[in-house]
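Structure file data.tsv; described as TSV, C-alpha atoms.
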chain	number	residue	atom	x	y	z
A	1	MET	CA	18.78	-26.12	29.23
A	2	LYS	CA	17.54	-23.57	26.69
A	3	THR	CA	15.67	-20.36	27.28
A	4	VAL	CA	12.58	-19.30	25.36
A	5	ARG	CA	14.69	-16.74	23.49
A	6	GLU	CA	17.21	-19.39	22.44
A	7	LEU	CA	14.47	-21.69	21.20
A	8	LEU	CA	12.92	-18.83	19.24
A	9	GLN	CA	16.28	-17.90	17.74
A	10	ASP	CA	16.97	-21.52	16.79
A	11	ALA	CA	13.59	-21.75	15.07
A	12	ASP	CA	13.76	-18.34	13.39
A	13	PRO	CA	13.08	-18.96	9.66
A	14	LEU	CA	14.92	-15.81	8.65
A	15	GLN	CA	18.20	-17.44	9.67
A	16	ASP	CA	18.19	-19.53	6.51
A	17	GLU	CA	15.88	-17.72	4.12
A	18	PRO	CA	16.42	-14.62	2.00
A	19	VAL	CA	14.57	-11.63	3.40
A	20	TRP	CA	12.53	-11.19	0.23
A	21	PRO	CA	12.72	-13.56	-2.69
A	22	THR	CA	13.45	-10.94	-5.39
A	23	GLU	CA	11.11	-12.34	-8.00
A	24	GLU	CA	8.25	-12.56	-5.54
A	25	ARG	CA	8.91	-9.05	-4.31
A	26	ASP	CA	8.56	-7.67	-7.82
A	27	LEU	CA	5.38	-9.64	-8.42
A	28	ARG	CA	3.80	-8.45	-5.21
A	29	ARG	CA	4.91	-4.89	-5.82
A	30	GLN	CA	3.31	-4.84	-9.24
A	31	ALA	CA	0.11	-6.37	-7.93
A	32	VAL	CA	-0.14	-3.77	-5.18
A	33	LEU	CA	0.54	-0.87	-7.54
A	34	ALA	CA	-1.93	-2.20	-10.07
A	35	ALA	CA	-4.56	-2.35	-7.35
A	36	ALA	CA	-3.75	1.20	-6.39
A	37	SER	CA	-4.22	2.22	-10.00
A	38	GLY	CA	-7.76	0.99	-9.90
A	39	LEU	CA	-7.19	-2.64	-10.63
A	40	HIS	CA	-7.73	-5.35	-8.09
A	41	SER	CA	-5.40	-8.05	-9.11
A	42	ARG	CA	-4.21	-10.54	-6.58
A	43	VAL	CA	-1.23	-12.81	-6.74
A	44	GLU	CA	-2.66	-16.22	-6.05
A	45	GLY	CA	0.36	-18.36	-6.49
A	46	ARG	CA	3.73	-18.54	-8.13
A	47	SER	CA	2.68	-20.18	-11.38
A	48	LYS	CA	-0.48	-18.17	-11.83
A	49	SER	CA	1.18	-15.02	-10.70
A	50	ARG	CA	3.72	-15.06	-13.52
A	51	ILE	CA	0.93	-14.96	-16.06
A	52	ALA	CA	-1.00	-12.48	-13.99
A	53	VAL	CA	1.90	-10.13	-13.59
A	54	PHE	CA	2.44	-9.70	-17.30
A	55	SER	CA	-1.13	-8.65	-17.85
A	56	THR	CA	-1.02	-6.62	-14.65
A	57	VAL	CA	2.12	-4.79	-15.69
A	58	ALA	CA	0.68	-4.07	-19.10
A	59	VAL	CA	-2.58	-2.70	-17.75
A	60	ALA	CA	-0.78	-0.85	-14.95
A	61	ALA	CA	1.45	0.81	-17.52
A	62	ILE	CA	-1.62	1.97	-19.41
A	63	PHE	CA	-3.08	3.33	-16.19
A	64	ALA	CA	0.15	5.07	-15.27
A	65	LEU	CA	0.26	6.73	-18.64
A	66	LEU	CA	-3.38	7.72	-18.49
A	67	LEU	CA	-2.98	9.06	-14.98
A	68	VAL	CA	-2.21	12.54	-16.16
A	69	PHE	CA	-4.91	14.21	-14.16
A	70	ARG	CA	-6.93	12.54	-11.48
A	71	VAL	CA	-10.25	13.58	-9.93
A	72	TRP	CA	-11.17	12.18	-6.54
A	73	SER	CA	-14.29	10.06	-6.85
A	74	PRO	CA	-16.28	11.33	-3.85
A	75	PHE	CA	-16.01	14.82	-5.28
A	76	VAL	CA	-17.43	13.72	-8.56
A	77	ARG	CA	-20.71	12.91	-6.90
A	78	ASP	CA	-21.05	16.61	-6.10
A	79	VAL	CA	-20.45	17.81	-9.62
A	80	GLN	CA	-23.39	19.86	-10.84
A	81	ALA	CA	-24.43	20.65	-14.36
A	82	ALA	CA	-21.73	23.34	-14.71
A	83	VAL	CA	-18.14	22.52	-13.84
A	84	HIS	CA	-15.49	25.19	-13.48
A	85	PHE	CA	-12.13	23.84	-14.53
A	86	GLU	CA	-8.79	25.53	-13.77
A	87	VAL	CA	-5.13	24.64	-13.92
A	88	ARG	CA	-2.66	26.56	-11.74
A	89	LEU	CA	1.00	26.20	-10.95
A	90	ALA	CA	1.71	25.13	-7.38
A	91	GLU	CA	4.58	24.60	-4.96
A	92	ASP	CA	5.25	22.02	-2.29
A	93	HIS	CA	6.36	24.68	0.18
A	94	PRO	CA	4.79	27.95	1.31
A	95	GLY	CA	6.05	31.21	-0.08
A	96	PRO	CA	5.07	34.83	-0.64
A	97	GLY	CA	1.85	35.22	-2.58
A	98	LEU	CA	1.01	31.53	-2.44
A	99	ARG	CA	-2.29	30.19	-1.10
A	100	GLU	CA	-2.43	26.91	0.79
A	101	ALA	CA	-4.88	24.29	-0.45
A	102	LYS	CA	-5.57	20.68	0.44
A	103	VAL	CA	-5.58	18.04	-2.24
A	104	ALA	CA	-8.95	16.28	-2.13
A	105	GLY	CA	-8.87	12.80	-0.64
A	106	SER	CA	-5.52	13.26	1.08
A	107	GLU	CA	-3.81	15.17	3.84
A	108	ARG	CA	-1.40	16.71	1.38
A	109	SER	CA	-1.12	20.49	1.22
A	110	ILE	CA	0.13	22.44	-1.75
A	111	TYR	CA	0.60	26.17	-2.27
A	112	LEU	CA	-1.18	27.71	-5.26
A	113	HIS	CA	0.00	30.54	-7.45
A	114	ASP	CA	-2.62	33.20	-8.08
A	115	GLU	CA	-2.46	33.02	-11.83
A	116	ILE	CA	-4.80	30.64	-13.65
A	117	ILE	CA	-2.99	29.06	-16.58
A	118	VAL	CA	-6.02	27.65	-18.37
A	119	ASP	CA	-9.71	27.30	-17.61
A	120	ASN	CA	-12.90	26.18	-19.34
A	121	GLY	CA	-12.44	28.77	-22.04
A	122	ASP	CA	-9.21	27.11	-23.12
A	123	ILE	CA	-10.74	23.67	-23.64
A	124	ALA	CA	-11.33	22.88	-27.29
A	125	GLU	CA	-12.69	19.43	-26.74
A	126	ALA	CA	-13.47	17.17	-23.81
A	127	ARG	CA	-14.71	13.67	-24.27
A	128	VAL	CA	-15.24	10.48	-22.35
A	129	VAL	CA	-13.00	7.56	-23.25
A	130	ARG	CA	-13.34	4.05	-22.00
A	131	GLN	CA	-10.22	2.52	-20.51
A	132	GLU	CA	-8.97	-0.33	-22.59
A	133	GLY	CA	-9.66	-3.61	-20.84
A	134	ALA	CA	-11.36	-1.96	-17.90
A	135	SER	CA	-14.77	-0.73	-16.89
A	136	GLN	CA	-13.60	2.75	-15.93
A	137	TYR	CA	-13.67	5.90	-18.02
A	138	VAL	CA	-11.26	8.79	-18.39
A	139	ILE	CA	-11.76	12.32	-19.67
A	140	SER	CA	-9.60	13.29	-22.59
A	141	MET	CA	-9.11	17.00	-23.19
A	142	GLU	CA	-7.68	18.99	-26.03
A	143	PHE	CA	-6.73	22.59	-25.38
A	144	LYS	CA	-7.25	25.40	-27.86
A	145	PRO	CA	-4.00	26.67	-29.44
A	146	SER	CA	-3.93	29.61	-27.04
A	147	GLY	CA	-4.46	27.24	-24.09
A	148	ALA	CA	-1.79	24.85	-25.31
A	149	GLU	CA	0.64	27.73	-25.67
A	150	LYS	CA	-0.07	28.93	-22.14
A	151	MET	CA	0.28	25.42	-20.74
A	152	GLN	CA	3.57	24.87	-22.50
A	153	ALA	CA	5.01	28.20	-21.40
A	154	ALA	CA	3.93	27.74	-17.80
A	155	THR	CA	4.89	24.12	-17.34
A	156	GLY	CA	8.16	24.36	-19.26
A	157	ASN	CA	9.64	26.32	-16.39
A	158	HIS	CA	7.96	24.23	-13.74
A	159	ILE	CA	9.50	20.80	-14.24
A	160	GLY	CA	9.56	18.65	-11.11
A	161	LYS	CA	7.02	20.83	-9.34
A	162	PRO	CA	3.30	20.26	-8.85
A	163	ILE	CA	0.55	21.60	-11.02
A	164	ALA	CA	-2.91	21.90	-9.51
A	165	ILE	CA	-6.06	20.73	-11.24
A	166	LEU	CA	-9.06	22.51	-9.75
A	167	ILE	CA	-12.68	21.72	-10.34
A	168	ASP	CA	-15.13	24.19	-8.88
A	169	GLY	CA	-12.36	25.66	-6.75
A	170	LYS	CA	-11.24	22.39	-5.21
A	171	VAL	CA	-7.85	20.90	-5.89
A	172	VAL	CA	-8.73	17.46	-7.13
A	173	MET	CA	-5.20	16.51	-8.07
A	174	ALA	CA	-1.69	17.91	-8.00
A	175	PRO	CA	0.54	15.84	-10.26
A	176	LEU	CA	4.20	16.67	-10.79
A	177	VAL	CA	5.20	18.12	-14.12
A	178	ARG	CA	7.63	15.73	-15.78
A	179	THR	CA	7.82	17.38	-19.19
A	180	PRO	CA	6.08	20.45	-20.60
A	181	ILE	CA	2.36	19.98	-21.25
A	182	ASP	CA	0.86	21.44	-24.38
A	183	ALA	CA	-2.21	20.47	-26.36
A	184	SER	CA	-3.70	17.54	-24.52
A	185	ALA	CA	-4.36	16.11	-21.12
A	186	VAL	CA	-6.28	13.29	-19.55
A	187	ILE	CA	-8.18	13.21	-16.28
A	188	SER	CA	-8.23	9.69	-15.03
A	189	ASP	CA	-9.93	8.04	-12.11
A	190	ASP	CA	-12.36	5.24	-11.45
A	191	PHE	CA	-15.12	7.15	-13.19
A	192	THR	CA	-18.31	5.50	-14.16
A	193	LYS	CA	-19.54	6.50	-17.58
A	194	ALA	CA	-22.26	8.68	-16.04
A	195	GLN	CA	-19.79	10.51	-13.79
A	196	ALA	CA	-17.37	11.20	-16.61
A	197	GLU	CA	-20.15	12.40	-18.89
A	198	ARG	CA	-21.48	14.72	-16.22
A	199	ILE	CA	-18.07	16.37	-15.82
A	200	VAL	CA	-17.54	16.70	-19.54
A	201	LYS	CA	-20.99	18.21	-19.97
A	202	GLY	CA	-20.25	20.62	-17.14
A	203	MET	CA	-16.99	21.68	-18.74
A	204	ARG	CA	-18.71	22.48	-22.02
A	205	ILE	CA	-21.40	24.61	-20.41
A	206	GLN	CA	-19.10	27.42	-19.34
B	1	MET	CA	-10.67	20.15	-31.68
B	2	ASN	CA	-7.37	19.56	-33.34
B	3	GLY	CA	-7.86	15.82	-33.66
B	4	LYS	CA	-4.75	14.76	-31.82
B	5	SER	CA	-4.90	11.32	-30.39
B	6	ILE	CA	-5.19	10.66	-26.71
B	7	ALA	CA	-1.76	9.07	-26.75
B	8	ARG	CA	-0.34	12.46	-27.59
B	9	ALA	CA	-1.15	13.57	-24.08
B	10	LEU	CA	-0.12	10.56	-22.13
B	11	PRO	CA	3.57	10.91	-21.37
B	12	VAL	CA	3.53	14.54	-20.39
B	13	ILE	CA	3.11	14.25	-16.66
B	14	SER	CA	2.60	11.57	-14.11
B	15	ALA	CA	0.63	11.93	-10.95
B	16	SER	CA	2.07	12.50	-7.54
B	17	GLY	CA	-0.97	10.87	-6.02
B	18	PRO	CA	-1.93	7.73	-4.12
B	19	VAL	CA	-0.15	5.39	-6.52
B	20	GLU	CA	3.17	7.16	-6.17
B	21	ARG	CA	2.73	7.33	-2.41
B	22	LEU	CA	2.05	3.62	-2.28
B	23	GLU	CA	5.08	2.94	-4.43
B	24	SER	CA	7.20	4.91	-2.02
B	25	LEU	CA	5.62	3.16	0.98
B	26	PHE	CA	6.27	-0.25	-0.52
B	27	ASP	CA	9.90	0.48	-1.33
B	28	MET	CA	10.55	1.93	2.08
B	29	HIS	CA	8.74	-0.55	4.33
B	30	HIS	CA	8.36	-3.89	2.56
B	31	ASN	CA	11.48	-5.44	4.07
B	32	ARG	CA	10.54	-4.49	7.59
B	33	LEU	CA	7.00	-5.78	7.11
B	34	TYR	CA	8.18	-9.02	5.57
B	35	ARG	CA	10.53	-9.74	8.47
B	36	LEU	CA	7.65	-9.37	10.89
B	37	ALA	CA	5.19	-11.21	8.65
B	38	ARG	CA	7.54	-14.15	8.20
B	39	ARG	CA	7.81	-14.54	11.93
B	40	LEU	CA	4.04	-14.31	12.36
B	41	ALA	CA	2.97	-16.56	9.48
B	42	ALA	CA	3.43	-20.25	8.86
B	43	GLY	CA	5.41	-20.00	5.64
B	44	THR	CA	6.97	-17.75	3.03
B	45	ASP	CA	3.86	-17.60	0.84
B	46	ASP	CA	1.66	-16.76	3.81
B	47	ALA	CA	4.08	-14.02	4.81
B	48	LEU	CA	4.13	-12.59	1.28
B	49	ASP	CA	0.34	-12.68	1.17
B	50	LEU	CA	0.24	-10.91	4.50
B	51	VAL	CA	2.52	-8.12	3.32
B	52	GLN	CA	0.62	-7.79	0.05
B	53	GLU	CA	-2.68	-7.62	1.89
B	54	THR	CA	-1.25	-4.89	4.12
B	55	PHE	CA	-0.27	-2.75	1.16
B	56	LEU	CA	-3.60	-3.44	-0.56
B	57	LYS	CA	-5.28	-2.09	2.53
B	58	ALA	CA	-3.06	0.96	2.26
B	59	ALA	CA	-4.14	1.28	-1.38
B	60	ARG	CA	-7.78	1.20	-0.38
B	61	PHE	CA	-7.42	3.76	2.40
B	62	PRO	CA	-4.67	6.16	1.30
B	63	SER	CA	-6.00	9.06	3.32
B	64	SER	CA	-5.74	7.01	6.54
B	65	ILE	CA	-1.99	6.67	6.29
B	66	PRO	CA	-0.17	9.22	8.44
B	67	THR	CA	2.83	11.10	7.15
B	68	GLY	CA	6.41	10.58	8.30
B	69	THR	CA	8.45	7.40	8.06
B	70	ALA	CA	7.96	6.31	11.68
B	71	ASN	CA	4.22	6.95	11.57
B	72	GLU	CA	3.87	5.14	8.27
B	73	GLU	CA	5.74	2.14	9.64
B	74	ALA	CA	3.61	2.08	12.78
B	75	TRP	CA	0.40	2.27	10.73
B	76	LEU	CA	1.50	-0.51	8.39
B	77	VAL	CA	2.68	-2.77	11.24
B	78	ARG	CA	-0.64	-2.35	13.04
B	79	VAL	CA	-2.58	-3.12	9.88
B	80	LEU	CA	-0.45	-6.20	9.27
B	81	ILE	CA	-1.01	-7.46	12.81
B	82	ASN	CA	-4.76	-6.82	12.53
B	83	ILE	CA	-4.96	-8.76	9.27
B	84	ARG	CA	-3.00	-11.60	10.86
B	85	ARG	CA	-5.30	-11.50	13.87
B	86	ASP	CA	-8.35	-11.91	11.64
B	87	GLN	CA	-6.71	-14.86	9.87
B	88	TRP	CA	-5.74	-16.40	13.20
B	89	ARG	CA	-9.27	-16.11	14.54
B	90	LYS	CA	-10.77	-17.69	11.46
B	91	LYS	CA	-8.25	-20.52	11.59
B	92	SER	CA	-8.91	-21.08	15.29
B	93	VAL	CA	-12.62	-21.41	14.64
B	94	ARG	CA	-11.96	-23.72	11.68
B	95	ASP	CA	-9.57	-25.89	13.67
B	96	ARG	CA	-12.02	-26.20	16.52
B	97	HIS	CA	-14.76	-27.10	14.08
B	98	ASP	CA	-12.57	-29.67	12.32
B	99	GLY	CA	-11.32	-31.12	15.60
B	100	VAL	CA	-7.64	-30.60	14.80
B	101	ARG	CA	-5.59	-32.55	17.31
B	102	ASP	CA	-2.83	-30.84	19.21
B	103	ARG	CA	0.43	-32.56	18.24
B	104	ARG	CA	2.78	-30.65	20.49
B	105	SER	CA	3.00	-33.39	23.11
B	106	ASP	CA	3.61	-35.97	20.38
B	107	LEU	CA	6.34	-33.90	18.83
B	108	ALA	CA	8.09	-33.43	22.14
B	109	THR	CA	8.58	-37.14	22.53
B	110	GLU	CA	9.84	-37.58	18.97
B	111	GLY	CA	12.98	-35.53	19.38
B	112	ARG	CA	15.50	-38.29	19.84
B	113	ASP	CA	17.15	-38.53	16.45
B	114	PRO	CA	19.04	-36.29	14.02
B	115	GLU	CA	15.72	-34.75	13.10
B	116	ALA	CA	15.35	-33.49	16.63
B	117	THR	CA	16.29	-29.96	15.66
B	118	LEU	CA	13.65	-29.81	12.97
B	119	VAL	CA	11.11	-31.29	15.32
B	120	ALA	CA	12.02	-28.69	17.94
B	121	LYS	CA	11.64	-25.91	15.39
B	122	SER	CA	8.28	-27.24	14.41
B	123	ALA	CA	7.24	-27.36	18.03
B	124	VAL	CA	8.35	-23.76	18.55
B	125	TRP	CA	6.28	-22.66	15.56
B	126	GLN	CA	3.26	-24.55	16.79
B	127	ALA	CA	3.70	-22.98	20.19
B	128	LEU	CA	3.92	-19.53	18.61
B	129	ASP	CA	0.72	-20.25	16.69
B	130	VAL	CA	-1.08	-20.50	20.02
B	131	LEU	CA	-0.27	-16.88	20.86
B	132	PRO	CA	-2.67	-14.20	19.65
B	133	PRO	CA	-0.98	-12.30	16.80
B	134	ARG	CA	-0.44	-9.06	18.67
B	135	ARG	CA	1.18	-10.89	21.58
B	136	ARG	CA	3.21	-12.96	19.19
B	137	ALA	CA	4.34	-9.79	17.39
B	138	ILE	CA	5.46	-8.31	20.71
B	139	VAL	CA	7.40	-11.46	21.60
B	140	VAL	CA	9.00	-11.53	18.14
B	141	MET	CA	9.94	-7.86	18.18
B	142	TYR	CA	11.45	-8.13	21.65
B	143	GLU	CA	13.14	-11.52	21.50
B	144	LEU	CA	14.16	-11.72	17.84
B	145	GLU	CA	14.30	-8.15	16.56
B	146	GLY	CA	15.88	-6.81	19.75
B	147	MET	CA	13.47	-3.90	20.06
B	148	THR	CA	13.05	-2.21	23.41
B	149	ILE	CA	9.76	-2.15	25.27
B	150	PRO	CA	9.26	1.63	24.81
B	151	SER	CA	9.90	1.37	21.08
B	152	ILE	CA	7.43	-1.53	20.72
B	153	ALA	CA	4.89	0.47	22.69
B	154	ALA	CA	5.37	3.46	20.41
B	155	LEU	CA	5.14	1.35	17.27
B	156	LEU	CA	1.91	-0.36	18.31
B	157	GLY	CA	0.38	2.69	19.95
B	158	ILE	CA	-0.06	1.03	23.33
B	159	SER	CA	1.47	1.61	26.77
B	160	ALA	CA	4.75	0.10	27.90
B	161	ILE	CA	2.88	-1.63	30.71
B	162	THR	CA	0.67	-3.39	28.19
B	163	VAL	CA	3.71	-4.45	26.21
B	164	ARG	CA	5.34	-5.86	29.36
B	165	TRP	CA	2.16	-7.73	30.20
B	166	HIS	CA	1.89	-9.28	26.73
B	167	LEU	CA	5.57	-10.17	26.86
B	168	SER	CA	5.24	-11.79	30.24
B	169	VAL	CA	2.15	-13.80	29.33
B	170	GLY	CA	3.63	-14.74	25.95
B	171	ARG	CA	6.88	-16.01	27.46
B	172	ARG	CA	4.97	-17.92	30.12
B	173	ASP	CA	2.73	-19.57	27.52
B	174	LEU	CA	5.70	-20.44	25.33
B	175	ALA	CA	7.64	-21.82	28.30
B	176	ARG	CA	4.68	-24.00	29.19
B	177	GLU	CA	4.27	-25.27	25.64
B	178	LEU	CA	8.00	-25.84	25.16
B	179	LYS	CA	8.83	-27.18	28.57
B	180	ALA	CA	10.14	-30.43	27.18
B	181	TYR	CA	12.54	-28.68	24.82
B	182	MET	CA	13.78	-26.20	27.37
B	183	GLY	CA	14.97	-29.02	29.55
B	184	GLU	CA	15.58	-31.62	26.86
B	185	SER	CA	19.17	-32.35	27.84
B	186	ASN	CA	18.13	-33.34	31.34
B	187	GLU	CA	14.50	-34.27	31.33
B	188	ASN	CA	13.67	-35.76	27.98
B	189	ARG	CA	16.44	-38.19	27.67
Spit out the file's structure as C-alpha cells when you get a sec.
Amino acid sequence: MKTVRELLQDADPLQDEPVWPTEERDLRRQAVLAAASGLHSRVEGRSKSRIAVFSTVAVAAIFALLLVFRVWSPFVRDVQAAVHFEVRLAEDHPGPGLREAKVAGSERSIYLHDEIIVDNGDIAEARVVRQEGASQYVISMEFKPSGAEKMQAATGNHIGKPIAILIDGKVVMAPLVRTPIDASAVISDDFTKAQAERIVKGMRIQ
Amino acid sequence: MNGKSIARALPVISASGPVERLESLFDMHHNRLYRLARRLAAGTDDALDLVQETFLKAARFPSSIPTGTANEEAWLVRVLINIRRDQWRKKSVRDRHDGVRDRRSDLATEGRDPEATLVAKSAVWQALDVLPPRRRAIVVMYELEGMTIPSIAALLGISAITVRWHLSVGRRDLARELKAYMGESNENR
C-alpha cells in the first residue's frame, strides 16, 4: 500500500534527470538576455535554437556594447524641443552632500554628487545611428576635448561605481563605470528614429 | 566633431540596468524555477519553455520585480505558476473540444508486467495534470520539495489556511485518481 507522497516521489522526474541540461540552460539564458536587450528571440527547439543562439549572441553582444547609456522610453515621449543633458558621478549608498534620485523606470535609488561633469555645452556632436540588424536607433555622442578631459578625470577615479545620465533633471540611466570614459558615449534604448532625432535636436539647441 | 568612430565609445562602460538585473535574476533563480517547472510541466522542453517564459515576462516588466532575493523568488514563482495556469486552461479547453479520452482507468489495469512502474508513473503524471497549476504547485512544494505550509504561504502570497485547503483537496483528488495504485499489492492483483 503506497501513500500519495510515495507515488509522487516514485514518479518524480528529477530523480533521474539533470536539474538543468547545461547546453539548454545557456541557450535559454542567452535568449532571455537578448530579449531584455530589446530583441525578442525565442528558443523554439533544440535544432533551431542552436542556429538562433549564434545570431542571438552576436546581436546581444552588439547591444551590450552599445548599451553605454540608456534612456527610458516612456520618458522620451516627454522630451520637448530643448533637452538638457548632464552627467554626474553617483553612489549606491547615501552620504554627506549626496542627493537621492530614482532611476527612471525602476525602483532603484542612487545618490548624486552635486558637481556636473559634462552637460550640453560639452557635446561636440550628437547623431542618430541605426542599430545594425535591428529597427532601433541609438544616439552617438562625441564630447569636446574639454568635456572628454573632464569625463576621463572624473570617471578614472570612479571605477565600479555608478555614473548618472540626466536628461531634463531626471536620471534616465545609471550605468557602472568599468573603465574611464573620454571622448565618446552612446545612449541606447529602443528608440524609434523620430524619438532619437528629437533628443539629438534638443541637445543641440542648448 | 573629432570624427572618432562609434566603436571608440563602446567598451567604456556597461549598464547596470534591466539587462544586468535580469542576468543576475536568471543566475540566482533558474535552478529553483526549473525544479518547480519540471514538476508542473509534462516534459523537459515544456519546463524549459516555462522557465524561459517566466524570465521573458521579467524582461518585459522589470519595474514590477521586487527587490531582495526572497521577494524576487516569490515574484518569479507566482509568474511561473500563472503562466502554467494559462497553458493548463487552454489545454483543458482544447482537450474538451477534441474529445480527448481519459486513459487513467485503462492505465490502471495495465500495470501487471515489468512496465508497471512506468505505467504507474504515467498515471501519477496524468493525475497531477488534473490539478489546477497552483494546487499542483502547492502539492509539489509540500510533498516533493519538503517545504512547510507557512513557507509556501509566504512564497505564494496567500494564507496558510488556503495552502492547507489546496493541499487537502489536491491530496484527495490524487488519492481518488490513483486509488488503484495506492492499493495495487492487494486490490489490483
- At most 9 Å from (1.9, -2.9, -6.7), file frame, all atoms listed in the file: which residues, as a PyMOL selection string? (chain A and resi 26-37+60) or (chain B and resi 19+22-23+26+52+55-56)
- Within 12 Å of file point (3.2, -20.3, 7.4), counting only C-alpha atoms, expressed as number ranges by chain: A: 13; B: 37-50, 84, 87-88, 122, 125-126, 128-129
For the selection just defined, write its residues with C-alpha atoms to a file, as a tab-separated table (two decimals), keeping the file's coordinate frame.
chain	number	residue	atom	x	y	z
A	13	PRO	CA	13.08	-18.96	9.66
B	37	ALA	CA	5.19	-11.21	8.65
B	38	ARG	CA	7.54	-14.15	8.20
B	39	ARG	CA	7.81	-14.54	11.93
B	40	LEU	CA	4.04	-14.31	12.36
B	41	ALA	CA	2.97	-16.56	9.48
B	42	ALA	CA	3.43	-20.25	8.86
B	43	GLY	CA	5.41	-20.00	5.64
B	44	THR	CA	6.97	-17.75	3.03
B	45	ASP	CA	3.86	-17.60	0.84
B	46	ASP	CA	1.66	-16.76	3.81
B	47	ALA	CA	4.08	-14.02	4.81
B	48	LEU	CA	4.13	-12.59	1.28
B	49	ASP	CA	0.34	-12.68	1.17
B	50	LEU	CA	0.24	-10.91	4.50
B	84	ARG	CA	-3.00	-11.60	10.86
B	87	GLN	CA	-6.71	-14.86	9.87
B	88	TRP	CA	-5.74	-16.40	13.20
B	122	SER	CA	8.28	-27.24	14.41
B	125	TRP	CA	6.28	-22.66	15.56
B	126	GLN	CA	3.26	-24.55	16.79
B	128	LEU	CA	3.92	-19.53	18.61
B	129	ASP	CA	0.72	-20.25	16.69
- Message: What does the structure give for the distance between CA of Gly121 in chain A and CA of His84 in chain A, in Å to one decimal?
- Response: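 Taking CA of Gly121 in chain A as the start and CA of His84 in chain A as the end point, the length is 9.8 Å.
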- Just need the residues of chain A within 6 Å of chain B, counting only C-alpha atoms, so spit them out as a count of residues only. 20
- Query: Within 10 Å of Gln152 in chain A, counting all atoms listed in the file, which residues qualify if same-chain residues fewer than 5 places away don't, as a PyMOL selection string?
  - Reply: chain A and resi 117+146-147+157-158+179-183
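Distance check against Thr162 in chain B using only C-alpha atoms: of B:Arg94, B:Arg78, B:His29, B:Arg134, the minimum falls on B:Arg134.
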- Please indicate the distance in Å from CA of Val163 in chain B to CA of Asp12 in chain A, rounded to one decimal place. 21.4 Å
- Query: Skipping near chain neighbours, those fewer than 5 positions away, what residues fall within 7 Å of Arg135 in chain B using only C-alpha atoms, listed as number ranges by chain?
  - Reply: B: 166-167, 170
- Could you please determine the separation between CA of Arg88 in chain A and CA of Glu115 in chain A in Å, to one decimal place?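 Separation between CA of Arg88 in chain A and CA of Glu115 in chain A: 6.5 Å.
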- Task: Identify, on the basis of only C-alpha atoms, every residue whose closest approach to range 146-150 of chain B does not exceed 9 Å; exclude the query and any residue fewer than 4 positions from it along the same chain; express the result as a PyMOL selection string.
- Result: chain B and resi 138+140-142+154-155+159-161+163-164
- From the list B:Met28, B:Ile152, B:Glu177, B:Leu131, the nearest residue to Arg85 in chain B using only C-alpha atoms is B:Leu131
Would you save range 108-121 of chain A from the block above with N, CA and C atoms, as a CSV table (one decimal), in the first residue's frame?
chain,number,residue,atom,x,y,z
A,108,ARG,N,15.1,51.6,-8.3
A,108,ARG,CA,16.5,51.8,-7.9
A,108,ARG,C,16.7,53.3,-7.5
A,109,SER,N,17.4,53.4,-6.3
A,109,SER,CA,17.8,54.8,-5.9
A,109,SER,C,19.3,54.9,-6.0
A,110,ILE,N,19.8,56.1,-6.4
A,110,ILE,CA,21.2,56.4,-6.4
A,110,ILE,C,21.4,57.7,-5.7
A,111,TYR,N,22.6,58.0,-5.4
A,111,TYR,CA,22.9,59.3,-4.6
A,111,TYR,C,23.9,60.1,-5.4
A,112,LEU,N,23.3,61.3,-5.9
A,112,LEU,CA,24.1,62.1,-6.8
A,112,LEU,C,25.1,63.1,-6.2
A,113,HIS,N,26.2,63.2,-6.8
A,113,HIS,CA,27.1,64.3,-6.4
A,113,HIS,C,26.6,65.6,-7.0
A,114,ASP,N,26.9,66.7,-6.3
A,114,ASP,CA,26.5,68.0,-6.7
A,114,ASP,C,27.1,68.4,-8.1
A,115,GLU,N,28.3,68.1,-8.3
A,115,GLU,CA,29.1,68.6,-9.4
A,115,GLU,C,28.6,67.9,-10.7
A,116,ILE,N,28.4,68.8,-11.7
A,116,ILE,CA,28.0,68.3,-13.1
A,116,ILE,C,29.4,68.1,-13.8
A,117,ILE,N,29.6,66.9,-14.3
A,117,ILE,CA,30.8,66.6,-15.0
A,117,ILE,C,30.8,67.3,-16.4
A,118,VAL,N,29.8,66.9,-17.2
A,118,VAL,CA,29.6,67.5,-18.5
A,118,VAL,C,28.1,67.8,-18.7
A,119,ASP,N,27.8,68.7,-19.6
A,119,ASP,CA,26.5,69.0,-20.0
A,119,ASP,C,26.4,69.3,-21.5
A,120,ASN,N,25.3,69.9,-21.9
A,120,ASN,CA,25.1,70.1,-23.3
A,120,ASN,C,26.3,70.9,-24.0
A,121,GLY,N,26.9,71.8,-23.2
A,121,GLY,CA,28.0,72.6,-23.7
A,121,GLY,C,29.2,71.8,-24.0
